[in-house]
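Asks: My structure is in data_24.csv, and what it holds is CSV, N, CA, C and O atoms:
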```
chain,number,residue,atom,x,y,z
A,1,MET,N,-25.2,24.4,27.7
A,1,MET,CA,-24.8,23.2,27.0
A,1,MET,C,-25.3,23.3,25.6
A,1,MET,O,-26.4,23.9,25.4
A,2,ALA,N,-24.5,22.8,24.7
A,2,ALA,CA,-24.9,22.9,23.2
A,2,ALA,C,-26.1,22.0,22.9
A,2,ALA,O,-26.2,20.9,23.5
A,3,LYS,N,-26.9,22.5,22.0
A,3,LYS,CA,-28.1,21.7,21.6
A,3,LYS,C,-27.7,20.6,20.7
A,3,LYS,O,-27.0,20.9,19.7
A,4,LYS,N,-28.0,19.4,20.9
A,4,LYS,CA,-27.7,18.3,20.0
A,4,LYS,C,-28.8,18.1,19.0
A,4,LYS,O,-29.9,18.0,19.3
A,5,GLU,N,-28.3,18.1,17.7
A,5,GLU,CA,-29.3,17.9,16.6
A,5,GLU,C,-29.2,16.5,16.2
A,5,GLU,O,-28.1,15.9,16.1
A,6,LYS,N,-30.3,15.9,15.8
A,6,LYS,CA,-30.4,14.6,15.3
A,6,LYS,C,-29.9,14.6,13.9
A,6,LYS,O,-30.4,15.4,13.0
A,7,PHE,N,-29.0,13.7,13.6
A,7,PHE,CA,-28.5,13.6,12.2
A,7,PHE,C,-29.4,12.8,11.3
A,7,PHE,O,-29.9,11.7,11.7
A,8,VAL,N,-29.8,13.3,10.2
A,8,VAL,CA,-30.7,12.6,9.2
A,8,VAL,C,-30.0,12.5,7.9
A,8,VAL,O,-29.4,13.5,7.4
A,9,PHE,N,-30.0,11.3,7.3
A,9,PHE,CA,-29.5,11.1,6.0
A,9,PHE,C,-30.4,11.7,5.0
A,9,PHE,O,-31.6,11.5,5.0
A,10,GLU,N,-29.8,12.4,4.0
A,10,GLU,CA,-30.6,12.9,2.9
A,10,GLU,C,-30.5,12.0,1.7
A,10,GLU,O,-29.5,11.3,1.5
A,11,GLU,N,-31.5,12.0,0.9
A,11,GLU,CA,-31.5,11.1,-0.2
A,11,GLU,C,-30.6,11.6,-1.3
A,11,GLU,O,-30.5,12.9,-1.5
A,12,LEU,N,-29.9,10.7,-1.9
A,12,LEU,CA,-28.9,11.1,-3.0
A,12,LEU,C,-29.7,11.1,-4.3
A,12,LEU,O,-30.1,10.1,-4.8
A,13,ALA,N,-29.9,12.3,-4.9
A,13,ALA,CA,-30.7,12.4,-6.1
A,13,ALA,C,-29.8,12.0,-7.3
A,13,ALA,O,-28.7,12.4,-7.5
A,14,ASN,N,-30.4,11.2,-8.1
A,14,ASN,CA,-29.8,10.8,-9.4
A,14,ASN,C,-28.4,10.2,-9.3
A,14,ASN,O,-27.5,10.5,-10.1
A,15,THR,N,-28.2,9.4,-8.3
A,15,THR,CA,-26.9,8.8,-8.1
A,15,THR,C,-27.0,7.4,-8.6
A,15,THR,O,-27.7,6.6,-8.1
A,16,GLU,N,-26.1,7.1,-9.5
A,16,GLU,CA,-26.0,5.8,-10.1
A,16,GLU,C,-24.5,5.3,-10.0
A,16,GLU,O,-23.6,6.1,-10.3
A,17,ILE,N,-24.3,4.1,-9.6
A,17,ILE,CA,-23.0,3.5,-9.6
A,17,ILE,C,-22.8,2.9,-10.9
A,17,ILE,O,-23.5,2.0,-11.3
A,18,PRO,N,-21.7,3.2,-11.6
A,18,PRO,CA,-21.4,2.6,-12.9
A,18,PRO,C,-21.1,1.1,-12.8
A,18,PRO,O,-20.4,0.7,-11.9
A,19,LYS,N,-21.6,0.3,-13.7
A,19,LYS,CA,-21.4,-1.1,-13.7
A,19,LYS,C,-20.2,-1.4,-14.6
A,19,LYS,O,-20.1,-1.0,-15.7
A,20,ASN,N,-19.3,-2.2,-14.0
A,20,ASN,CA,-18.1,-2.6,-14.7
A,20,ASN,C,-17.8,-4.0,-14.2
A,20,ASN,O,-17.5,-4.2,-13.1
A,21,ASP,N,-17.8,-4.9,-15.2
A,21,ASP,CA,-17.6,-6.3,-14.8
A,21,ASP,C,-16.2,-6.6,-14.3
A,21,ASP,O,-16.0,-7.5,-13.6
A,22,LEU,N,-15.2,-5.8,-14.7
A,22,LEU,CA,-13.9,-6.0,-14.4
A,22,LEU,C,-13.5,-5.5,-13.0
A,22,LEU,O,-12.4,-5.7,-12.5
A,23,GLN,N,-14.4,-4.7,-12.4
A,23,GLN,CA,-14.1,-4.0,-11.2
A,23,GLN,C,-14.7,-4.8,-10.0
A,23,GLN,O,-15.8,-5.2,-10.0
A,24,SER,N,-13.8,-5.0,-9.0
A,24,SER,CA,-14.3,-5.7,-7.8
A,24,SER,C,-14.9,-4.7,-6.9
A,24,SER,O,-14.7,-3.5,-7.0
A,25,PRO,N,-15.7,-5.2,-5.9
A,25,PRO,CA,-16.4,-4.2,-5.0
A,25,PRO,C,-15.4,-3.5,-4.1
A,25,PRO,O,-15.6,-2.4,-3.6
A,26,PHE,N,-14.2,-4.1,-4.0
A,26,PHE,CA,-13.2,-3.5,-3.1
A,26,PHE,C,-12.4,-2.4,-3.8
A,26,PHE,O,-11.7,-1.6,-3.2
A,27,SER,N,-12.4,-2.4,-5.1
A,27,SER,CA,-11.5,-1.4,-5.9
A,27,SER,C,-12.4,-0.4,-6.5
A,27,SER,O,-11.9,0.3,-7.5
A,28,PHE,N,-13.6,-0.1,-6.0
A,28,PHE,CA,-14.4,0.9,-6.7
A,28,PHE,C,-13.8,2.2,-6.5
A,28,PHE,O,-13.5,2.7,-5.4
A,29,GLY,N,-13.6,2.9,-7.6
A,29,GLY,CA,-13.0,4.3,-7.6
A,29,GLY,C,-11.5,4.3,-7.5
A,29,GLY,O,-10.9,5.3,-7.5
A,30,LEU,N,-10.9,3.1,-7.5
A,30,LEU,CA,-9.4,3.1,-7.4
A,30,LEU,C,-8.9,2.6,-8.7
A,30,LEU,O,-9.4,1.7,-9.3
A,31,LYS,N,-7.8,3.2,-9.1
A,31,LYS,CA,-7.1,2.8,-10.4
A,31,LYS,C,-6.0,1.8,-10.0
A,31,LYS,O,-5.2,2.1,-9.1
A,32,VAL,N,-6.1,0.6,-10.6
A,32,VAL,CA,-5.1,-0.4,-10.3
A,32,VAL,C,-4.0,-0.3,-11.3
A,32,VAL,O,-4.2,-0.2,-12.5
A,33,ALA,N,-2.7,-0.3,-10.8
A,33,ALA,CA,-1.6,-0.2,-11.7
A,33,ALA,C,-1.4,-1.5,-12.4
A,33,ALA,O,-1.8,-2.5,-12.0
A,34,ALA,N,-0.7,-1.4,-13.6
A,34,ALA,CA,-0.4,-2.5,-14.4
A,34,ALA,C,0.5,-3.5,-13.6
A,34,ALA,O,0.3,-4.7,-13.7
A,35,ASN,N,1.4,-3.0,-12.8
A,35,ASN,CA,2.3,-3.8,-12.0
A,35,ASN,C,2.1,-3.4,-10.6
A,35,ASN,O,2.9,-2.5,-10.1
A,36,PRO,N,1.2,-3.9,-9.8
A,36,PRO,CA,0.9,-3.4,-8.5
A,36,PRO,C,2.1,-3.7,-7.6
A,36,PRO,O,2.8,-4.7,-7.7
A,37,ALA,N,2.3,-2.8,-6.6
A,37,ALA,CA,3.4,-3.0,-5.6
A,37,ALA,C,3.0,-4.0,-4.6
A,37,ALA,O,1.8,-4.4,-4.4
A,38,SER,N,4.0,-4.5,-3.9
A,38,SER,CA,3.8,-5.5,-2.8
A,38,SER,C,4.2,-4.8,-1.5
A,38,SER,O,5.1,-3.9,-1.5
A,39,LYS,N,3.6,-5.3,-0.4
A,39,LYS,CA,4.0,-4.8,0.9
A,39,LYS,C,5.0,-5.8,1.5
A,39,LYS,O,4.9,-7.0,1.3
A,40,ILE,N,6.0,-5.2,2.2
A,40,ILE,CA,6.9,-6.1,2.9
A,40,ILE,C,7.1,-5.6,4.3
A,40,ILE,O,6.8,-4.5,4.7
A,41,THR,N,7.5,-6.5,5.2
A,41,THR,CA,7.7,-6.2,6.6
A,41,THR,C,9.1,-6.8,7.0
A,41,THR,O,9.4,-7.9,6.6
A,42,PHE,N,9.8,-6.0,7.7
A,42,PHE,CA,11.2,-6.4,8.1
A,42,PHE,C,11.6,-5.8,9.4
A,42,PHE,O,11.0,-4.7,9.8
A,43,ASP,N,12.5,-6.4,10.1
A,43,ASP,CA,13.0,-5.8,11.4
A,43,ASP,C,14.1,-4.8,11.0
A,43,ASP,O,14.9,-5.0,10.1
A,44,CYS,N,14.2,-3.8,11.8
A,44,CYS,CA,15.2,-2.7,11.6
A,44,CYS,C,15.6,-2.2,13.0
A,44,CYS,O,14.8,-2.1,13.9
A,45,ASP,N,16.9,-1.8,13.1
A,45,ASP,CA,17.4,-1.3,14.4
A,45,ASP,C,16.7,0.1,14.7
A,45,ASP,O,16.4,0.9,13.8
A,46,ASN,N,16.4,0.3,16.0
A,46,ASN,CA,15.7,1.5,16.4
A,46,ASN,C,16.5,2.8,16.1
A,46,ASN,O,15.9,3.8,15.7
A,47,ASP,N,17.8,2.7,16.2
A,47,ASP,CA,18.7,3.8,15.9
A,47,ASP,C,18.5,4.2,14.4
A,47,ASP,O,18.5,5.4,14.1
A,48,LEU,N,18.5,3.2,13.6
A,48,LEU,CA,18.3,3.5,12.1
A,48,LEU,C,17.0,4.1,11.8
A,48,LEU,O,16.8,5.0,11.0
A,49,ILE,N,15.9,3.6,12.5
A,49,ILE,CA,14.6,4.1,12.3
A,49,ILE,C,14.5,5.6,12.7
A,49,ILE,O,13.9,6.4,12.0
A,50,GLU,N,15.1,5.9,13.9
A,50,GLU,CA,15.1,7.2,14.3
A,50,GLU,C,15.9,8.2,13.4
A,50,GLU,O,15.4,9.3,13.1
A,51,GLN,N,17.0,7.7,12.8
A,51,GLN,CA,17.7,8.4,11.9
A,51,GLN,C,16.9,8.7,10.6
A,51,GLN,O,16.9,9.8,10.1
A,52,MET,N,16.1,7.7,10.1
A,52,MET,CA,15.3,7.9,9.0
A,52,MET,C,14.2,8.9,9.3
A,52,MET,O,13.8,9.7,8.4
A,53,LYS,N,13.6,8.8,10.5
A,53,LYS,CA,12.5,9.7,10.8
A,53,LYS,C,13.0,11.1,10.9
A,53,LYS,O,12.3,12.1,10.5
A,54,ASP,N,14.2,11.3,11.5
A,54,ASP,CA,14.8,12.7,11.6
A,54,ASP,C,15.1,13.2,10.2
A,54,ASP,O,14.8,14.4,9.9
A,55,TYR,N,15.7,12.4,9.3
A,55,TYR,CA,16.0,12.8,8.0
A,55,TYR,C,14.7,13.1,7.2
A,55,TYR,O,14.6,14.2,6.5
A,56,GLY,N,13.7,12.3,7.4
A,56,GLY,CA,12.4,12.5,6.7
A,56,GLY,C,11.7,13.8,7.1
A,56,GLY,O,11.1,14.5,6.3
A,57,TYR,N,11.8,14.1,8.4
A,57,TYR,CA,11.2,15.3,8.9
A,57,TYR,C,11.8,16.5,8.3
A,57,TYR,O,11.1,17.4,7.8
A,58,TRP,N,13.1,16.6,8.2
A,58,TRP,CA,13.8,17.8,7.7
A,58,TRP,C,13.7,17.9,6.2
A,58,TRP,O,13.7,18.9,5.6
A,59,GLU,N,13.7,16.7,5.5
A,59,GLU,CA,13.6,16.7,4.0
A,59,GLU,C,12.2,16.6,3.5
A,59,GLU,O,12.0,16.7,2.3
A,60,GLY,N,11.2,16.4,4.3
A,60,GLY,CA,9.8,16.3,3.9
A,60,GLY,C,9.5,15.0,3.2
A,60,GLY,O,8.7,15.0,2.2
A,61,LEU,N,10.1,13.9,3.6
A,61,LEU,CA,10.0,12.6,3.0
A,61,LEU,C,9.4,11.6,4.0
A,61,LEU,O,9.5,11.7,5.2
A,62,SER,N,8.7,10.6,3.4
A,62,SER,CA,8.1,9.6,4.3
A,62,SER,C,9.2,8.5,4.4
A,62,SER,O,10.1,8.4,3.6
A,63,LEU,N,9.0,7.6,5.3
A,63,LEU,CA,9.9,6.4,5.5
A,63,LEU,C,9.9,5.6,4.2
A,63,LEU,O,11.0,5.1,3.8
A,64,LYS,N,8.7,5.4,3.6
A,64,LYS,CA,8.6,4.7,2.4
A,64,LYS,C,9.5,5.3,1.3
A,64,LYS,O,10.3,4.6,0.6
A,65,GLU,N,9.4,6.6,1.1
A,65,GLU,CA,10.2,7.2,0.1
A,65,GLU,C,11.7,7.1,0.4
A,65,GLU,O,12.5,6.9,-0.6
A,66,ILE,N,12.1,7.2,1.6
A,66,ILE,CA,13.5,7.1,2.0
A,66,ILE,C,14.0,5.7,1.7
A,66,ILE,O,15.1,5.5,1.1
A,67,ILE,N,13.3,4.7,2.0
A,67,ILE,CA,13.7,3.3,1.8
A,67,ILE,C,13.8,3.0,0.3
A,67,ILE,O,14.7,2.4,-0.1
A,68,ILE,N,12.7,3.4,-0.4
A,68,ILE,CA,12.7,3.1,-1.9
A,68,ILE,C,13.9,3.8,-2.6
A,68,ILE,O,14.6,3.2,-3.4
A,69,ASP,N,14.1,5.1,-2.2
A,69,ASP,CA,15.3,5.8,-2.8
A,69,ASP,C,16.6,5.1,-2.5
A,69,ASP,O,17.5,5.0,-3.3
A,70,SER,N,16.7,4.7,-1.2
A,70,SER,CA,18.0,4.0,-0.8
A,70,SER,C,18.2,2.7,-1.6
A,70,SER,O,19.3,2.4,-2.0
A,71,LEU,N,17.1,1.9,-1.7
A,71,LEU,CA,17.2,0.7,-2.5
A,71,LEU,C,17.6,1.0,-4.0
A,71,LEU,O,18.4,0.2,-4.6
A,72,LYS,N,17.0,2.0,-4.5
A,72,LYS,CA,17.3,2.3,-5.9
A,72,LYS,C,18.8,2.7,-6.1
A,72,LYS,O,19.5,2.3,-7.0
A,73,LEU,N,19.3,3.5,-5.1
A,73,LEU,CA,20.7,3.8,-5.1
A,73,LEU,C,21.6,2.6,-4.9
A,73,LEU,O,22.7,2.5,-5.5
A,74,TYR,N,21.2,1.7,-4.1
A,74,TYR,CA,22.0,0.5,-3.8
A,74,TYR,C,22.1,-0.4,-5.0
A,74,TYR,O,23.2,-0.9,-5.3
A,75,PHE,N,21.0,-0.6,-5.8
A,75,PHE,CA,21.0,-1.4,-6.9
A,75,PHE,C,21.5,-0.7,-8.2
A,75,PHE,O,21.6,-1.4,-9.2
A,76,LYS,N,21.6,0.6,-8.2
A,76,LYS,CA,22.1,1.3,-9.4
A,76,LYS,C,23.5,0.8,-9.8
A,76,LYS,O,24.4,0.8,-9.0
A,77,GLY,N,23.6,0.4,-11.0
A,77,GLY,CA,24.9,-0.1,-11.5
A,77,GLY,C,25.3,-1.5,-11.1
A,77,GLY,O,26.4,-1.9,-11.4
A,78,ARG,N,24.4,-2.2,-10.4
A,78,ARG,CA,24.7,-3.6,-10.1
A,78,ARG,C,24.1,-4.5,-11.1
A,78,ARG,O,23.0,-4.3,-11.5
A,79,ASP,N,24.7,-5.6,-11.3
A,79,ASP,CA,24.2,-6.6,-12.2
A,79,ASP,C,23.5,-7.7,-11.4
A,79,ASP,O,24.1,-8.5,-10.7
A,80,VAL,N,22.2,-7.7,-11.4
A,80,VAL,CA,21.4,-8.6,-10.6
A,80,VAL,C,20.8,-9.7,-11.5
A,80,VAL,O,20.1,-9.4,-12.5
A,81,GLN,N,21.2,-11.0,-11.2
A,81,GLN,CA,20.6,-12.1,-12.0
A,81,GLN,C,19.3,-12.4,-11.5
A,81,GLN,O,19.0,-12.4,-10.3
A,82,ALA,N,18.4,-12.8,-12.5
A,82,ALA,CA,17.0,-13.2,-12.1
A,82,ALA,C,17.0,-14.6,-11.5
A,82,ALA,O,17.9,-15.4,-11.8
A,83,ARG,N,16.1,-14.8,-10.6
A,83,ARG,CA,15.9,-16.1,-9.9
A,83,ARG,C,15.5,-17.2,-11.0
A,83,ARG,O,14.8,-16.8,-11.9
A,84,PRO,N,15.8,-18.4,-10.7
A,84,PRO,CA,15.3,-19.5,-11.7
A,84,PRO,C,13.7,-19.5,-11.6
A,84,PRO,O,13.1,-19.2,-10.6
A,85,ASP,N,13.1,-19.9,-12.7
A,85,ASP,CA,11.6,-20.0,-12.8
A,85,ASP,C,11.1,-21.0,-11.7
A,85,ASP,O,10.0,-20.7,-11.2
A,86,LYS,N,11.8,-22.0,-11.4
A,86,LYS,CA,11.3,-23.0,-10.4
A,86,LYS,C,11.1,-22.2,-9.1
A,86,LYS,O,10.2,-22.5,-8.3
A,87,VAL,N,12.0,-21.3,-8.7
A,87,VAL,CA,11.9,-20.6,-7.5
A,87,VAL,C,10.8,-19.5,-7.6
A,87,VAL,O,10.0,-19.3,-6.6
A,88,LYS,N,10.7,-18.8,-8.7
A,88,LYS,CA,9.8,-17.7,-8.9
A,88,LYS,C,8.3,-18.3,-8.8
A,88,LYS,O,7.4,-17.6,-8.3
A,89,ASN,N,8.1,-19.4,-9.4
A,89,ASN,CA,6.7,-19.9,-9.6
A,89,ASN,C,6.3,-20.9,-8.5
A,89,ASN,O,5.2,-21.5,-8.6
A,90,ARG,N,7.0,-21.1,-7.4
A,90,ARG,CA,6.6,-22.0,-6.4
A,90,ARG,C,5.4,-21.4,-5.6
A,90,ARG,O,5.2,-20.2,-5.6
A,91,THR,N,4.7,-22.3,-5.0
A,91,THR,CA,3.4,-21.9,-4.3
A,91,THR,C,3.8,-21.1,-3.1
A,91,THR,O,4.8,-21.3,-2.5
A,92,LYS,N,3.0,-20.1,-2.9
A,92,LYS,CA,3.2,-19.2,-1.8
A,92,LYS,C,2.7,-19.7,-0.5
A,92,LYS,O,1.6,-20.3,-0.5
A,93,VAL,N,3.4,-19.5,0.6
A,93,VAL,CA,3.0,-19.9,1.9
A,93,VAL,C,2.3,-18.8,2.6
A,93,VAL,O,2.7,-17.6,2.5
A,94,GLY,N,1.2,-19.1,3.3
A,94,GLY,CA,0.5,-18.0,4.1
A,94,GLY,C,-1.0,-18.3,4.1
A,94,GLY,O,-1.5,-19.4,3.7
A,95,ARG,N,-1.7,-17.3,4.5
A,95,ARG,CA,-3.2,-17.4,4.6
A,95,ARG,C,-3.8,-17.3,3.3
A,95,ARG,O,-3.4,-16.7,2.3
A,96,LYS,N,-4.9,-18.0,3.2
A,96,LYS,CA,-5.7,-18.0,1.9
A,96,LYS,C,-6.4,-16.7,1.9
A,96,LYS,O,-6.8,-16.1,2.9
A,97,PRO,N,-6.5,-16.1,0.6
A,97,PRO,CA,-7.3,-14.8,0.5
A,97,PRO,C,-8.7,-15.0,0.8
A,97,PRO,O,-9.3,-16.0,0.6
A,98,LYS,N,-9.3,-13.9,1.4
A,98,LYS,CA,-10.7,-14.0,1.8
A,98,LYS,C,-11.5,-13.8,0.5
A,98,LYS,O,-11.2,-13.0,-0.4
A,99,ILE,N,-12.6,-14.5,0.4
A,99,ILE,CA,-13.5,-14.4,-0.7
A,99,ILE,C,-14.6,-13.3,-0.4
A,99,ILE,O,-15.3,-13.4,0.7
A,100,PRO,N,-14.7,-12.3,-1.2
A,100,PRO,CA,-15.7,-11.2,-0.9
A,100,PRO,C,-17.1,-11.7,-1.0
A,100,PRO,O,-17.5,-12.5,-1.9
A,101,LYS,N,-17.9,-11.3,0.0
A,101,LYS,CA,-19.3,-11.6,0.0
A,101,LYS,C,-20.1,-10.6,-0.8
A,101,LYS,O,-19.9,-9.4,-0.6
A,102,ILE,N,-20.9,-11.0,-1.7
A,102,ILE,CA,-21.7,-10.1,-2.5
A,102,ILE,C,-23.1,-10.0,-2.1
A,102,ILE,O,-23.7,-10.8,-1.6
```
Would you write the structure of this file as structure tokens?
Replies:
Amino acid sequence: MAKKEKFVFEELANTEIPKNDLQSPFSFGLKVAANPASKITFDCDNDLIEQMKDYGYWEGLSLKEIIIDSLKLYFKGRDVQARPDKVKNRTKVGRKPKIPKI
């Protein structure tokens, strides 16, 4: 039987975390884009999902890349009118964001 060694934390010498007032504790070390992306969820037929997975396997693409490329091709050359400001600026429905504990 293999001998189990006890794991011991070593001290980190001269380690300082840079202070930045604009940086939240959750985004430490992450670069935030000027226009961050949003996550969406939608229902999709299983046959279509399998087709995307098969295509992604052979082309080396993720489902995200396939969907984004497909949407770009769909909207290419189309004239899309912007929504009215009243619709864009209405309050969002959903859960309240959690407040980070410091």
Asks: Interatomic distance between atom O of Gln51 of chain A and atom CA of Leu63 of chain A?
Replies: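 About the pair atom O of Gln51 of chain A and atom CA of Leu63 of chain A: they are 9.0 Å apart.
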Asks: Quick one: pull the distance between atom O of Asp54 of chain A and atom CA of Leu71 of chain A, Å, one decimal.
Replies: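 We find that atom O of Asp54 of chain A and atom CA of Leu71 of chain A lie 18.6 Å from each other.
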Asks: What is the distance between atom C of Ser62 of chain A and atom O of Ile40 of chain A, in Å to one decimal?
Replies: 13.2 Å
Asks: Missing atoms in segment 66-76 of chain A: can you complete it with all heavy atoms, as a PDB file, keeping the file's coordinate frame?
Replies:
```pdb
ATOM      1  N   ILE A  66      12.100   7.200   1.600  1.00  0.00           N
ATOM      2  CA  ILE A  66      13.500   7.100   2.000  1.00  0.00           C
ATOM      3  C   ILE A  66      14.000   5.700   1.700  1.00  0.00           C
ATOM      4  O   ILE A  66      15.100   5.500   1.100  1.00  0.00           O
ATOM      5  CB  ILE A  66      13.726   7.422   3.480  1.00  0.00           C
ATOM      6  CG1 ILE A  66      13.420   8.900   3.734  1.00  0.00           C
ATOM      7  CG2 ILE A  66      15.142   7.092   3.931  1.00  0.00           C
ATOM      8  CD1 ILE A  66      13.352   9.267   5.195  1.00  0.00           C
ATOM      9  N   ILE A  67      13.300   4.700   2.000  1.00  0.00           N
ATOM     10  CA  ILE A  67      13.700   3.300   1.800  1.00  0.00           C
ATOM     11  C   ILE A  67      13.800   3.000   0.300  1.00  0.00           C
ATOM     12  O   ILE A  67      14.700   2.400  -0.100  1.00  0.00           O
ATOM     13  CB  ILE A  67      12.773   2.308   2.573  1.00  0.00           C
ATOM     14  CG1 ILE A  67      12.964   2.483   4.085  1.00  0.00           C
ATOM     15  CG2 ILE A  67      13.040   0.869   2.160  1.00  0.00           C
ATOM     16  CD1 ILE A  67      11.959   1.767   4.932  1.00  0.00           C
ATOM     17  N   ILE A  68      12.700   3.400  -0.400  1.00  0.00           N
ATOM     18  CA  ILE A  68      12.700   3.100  -1.900  1.00  0.00           C
ATOM     19  C   ILE A  68      13.900   3.800  -2.600  1.00  0.00           C
ATOM     20  O   ILE A  68      14.600   3.200  -3.400  1.00  0.00           O
ATOM     21  CB  ILE A  68      11.376   3.490  -2.479  1.00  0.00           C
ATOM     22  CG1 ILE A  68      10.309   2.503  -1.997  1.00  0.00           C
ATOM     23  CG2 ILE A  68      11.438   3.502  -4.002  1.00  0.00           C
ATOM     24  CD1 ILE A  68       8.904   2.844  -2.404  1.00  0.00           C
ATOM     25  N   ASP A  69      14.100   5.100  -2.200  1.00  0.00           N
ATOM     26  CA  ASP A  69      15.300   5.800  -2.800  1.00  0.00           C
ATOM     27  C   ASP A  69      16.600   5.100  -2.500  1.00  0.00           C
ATOM     28  O   ASP A  69      17.500   5.000  -3.300  1.00  0.00           O
ATOM     29  CB  ASP A  69      15.279   7.265  -2.363  1.00  0.00           C
ATOM     30  CG  ASP A  69      14.157   8.072  -2.972  1.00  0.00           C
ATOM     31  OD1 ASP A  69      13.533   7.591  -3.945  1.00  0.00           O
ATOM     32  OD2 ASP A  69      13.890   9.185  -2.479  1.00  0.00           O
ATOM     33  N   SER A  70      16.700   4.700  -1.200  1.00  0.00           N
ATOM     34  CA  SER A  70      18.000   4.000  -0.800  1.00  0.00           C
ATOM     35  C   SER A  70      18.200   2.700  -1.600  1.00  0.00           C
ATOM     36  O   SER A  70      19.300   2.400  -2.000  1.00  0.00           O
ATOM     37  CB  SER A  70      17.904   3.713   0.714  1.00  0.00           C
ATOM     38  OG  SER A  70      17.733   4.895   1.455  1.00  0.00           O
ATOM     39  N   LEU A  71      17.100   1.900  -1.700  1.00  0.00           N
ATOM     40  CA  LEU A  71      17.200   0.700  -2.500  1.00  0.00           C
ATOM     41  C   LEU A  71      17.600   1.000  -4.000  1.00  0.00           C
ATOM     42  O   LEU A  71      18.400   0.200  -4.600  1.00  0.00           O
ATOM     43  CB  LEU A  71      15.961  -0.129  -2.394  1.00  0.00           C
ATOM     44  CG  LEU A  71      15.713  -0.782  -1.034  1.00  0.00           C
ATOM     45  CD1 LEU A  71      14.323  -1.376  -0.974  1.00  0.00           C
ATOM     46  CD2 LEU A  71      16.769  -1.835  -0.752  1.00  0.00           C
ATOM     47  N   LYS A  72      17.000   2.000  -4.500  1.00  0.00           N
ATOM     48  CA  LYS A  72      17.300   2.300  -5.900  1.00  0.00           C
ATOM     49  C   LYS A  72      18.800   2.700  -6.100  1.00  0.00           C
ATOM     50  O   LYS A  72      19.500   2.300  -7.000  1.00  0.00           O
ATOM     51  CB  LYS A  72      16.458   3.491  -6.424  1.00  0.00           C
ATOM     52  CG  LYS A  72      15.036   3.068  -6.729  1.00  0.00           C
ATOM     53  CD  LYS A  72      14.215   4.244  -7.204  1.00  0.00           C
ATOM     54  CE  LYS A  72      12.771   3.847  -7.468  1.00  0.00           C
ATOM     55  NZ  LYS A  72      11.952   5.001  -7.854  1.00  0.00           N
ATOM     56  N   LEU A  73      19.300   3.500  -5.100  1.00  0.00           N
ATOM     57  CA  LEU A  73      20.700   3.800  -5.100  1.00  0.00           C
ATOM     58  C   LEU A  73      21.600   2.600  -4.900  1.00  0.00           C
ATOM     59  O   LEU A  73      22.700   2.500  -5.500  1.00  0.00           O
ATOM     60  CB  LEU A  73      21.052   4.876  -4.044  1.00  0.00           C
ATOM     61  CG  LEU A  73      20.589   6.292  -4.332  1.00  0.00           C
ATOM     62  CD1 LEU A  73      20.817   7.184  -3.118  1.00  0.00           C
ATOM     63  CD2 LEU A  73      21.336   6.860  -5.524  1.00  0.00           C
ATOM     64  N   TYR A  74      21.200   1.700  -4.100  1.00  0.00           N
ATOM     65  CA  TYR A  74      22.000   0.500  -3.800  1.00  0.00           C
ATOM     66  C   TYR A  74      22.100  -0.400  -5.000  1.00  0.00           C
ATOM     67  O   TYR A  74      23.200  -0.900  -5.300  1.00  0.00           O
ATOM     68  CB  TYR A  74      21.306  -0.303  -2.655  1.00  0.00           C
ATOM     69  CG  TYR A  74      22.011  -1.586  -2.314  1.00  0.00           C
ATOM     70  CD1 TYR A  74      23.158  -1.569  -1.528  1.00  0.00           C
ATOM     71  CD2 TYR A  74      21.545  -2.804  -2.788  1.00  0.00           C
ATOM     72  CE1 TYR A  74      23.815  -2.750  -1.214  1.00  0.00           C
ATOM     73  CE2 TYR A  74      22.194  -3.990  -2.481  1.00  0.00           C
ATOM     74  CZ  TYR A  74      23.335  -3.953  -1.690  1.00  0.00           C
ATOM     75  OH  TYR A  74      23.983  -5.116  -1.392  1.00  0.00           O
ATOM     76  N   PHE A  75      21.000  -0.600  -5.800  1.00  0.00           N
ATOM     77  CA  PHE A  75      21.000  -1.400  -6.900  1.00  0.00           C
ATOM     78  C   PHE A  75      21.500  -0.700  -8.200  1.00  0.00           C
ATOM     79  O   PHE A  75      21.600  -1.400  -9.200  1.00  0.00           O
ATOM     80  CB  PHE A  75      19.603  -2.051  -7.163  1.00  0.00           C
ATOM     81  CG  PHE A  75      19.267  -3.118  -6.152  1.00  0.00           C
ATOM     82  CD1 PHE A  75      18.230  -2.940  -5.264  1.00  0.00           C
ATOM     83  CD2 PHE A  75      20.003  -4.290  -6.092  1.00  0.00           C
ATOM     84  CE1 PHE A  75      17.921  -3.920  -4.329  1.00  0.00           C
ATOM     85  CE2 PHE A  75      19.706  -5.271  -5.170  1.00  0.00           C
ATOM     86  CZ  PHE A  75      18.660  -5.086  -4.281  1.00  0.00           C
ATOM     87  N   LYS A  76      21.600   0.600  -8.200  1.00  0.00           N
ATOM     88  CA  LYS A  76      22.100   1.300  -9.400  1.00  0.00           C
ATOM     89  C   LYS A  76      23.500   0.800  -9.800  1.00  0.00           C
ATOM     90  O   LYS A  76      24.400   0.800  -9.000  1.00  0.00           O
ATOM     91  CB  LYS A  76      22.078   2.783  -9.105  1.00  0.00           C
ATOM     92  CG  LYS A  76      22.376   3.628 -10.303  1.00  0.00           C
ATOM     93  CD  LYS A  76      22.270   5.103  -9.949  1.00  0.00           C
ATOM     94  CE  LYS A  76      22.478   5.961 -11.154  1.00  0.00           C
ATOM     95  NZ  LYS A  76      22.355   7.380 -10.813  1.00  0.00           N
TER      96      LYS A  76
END
```
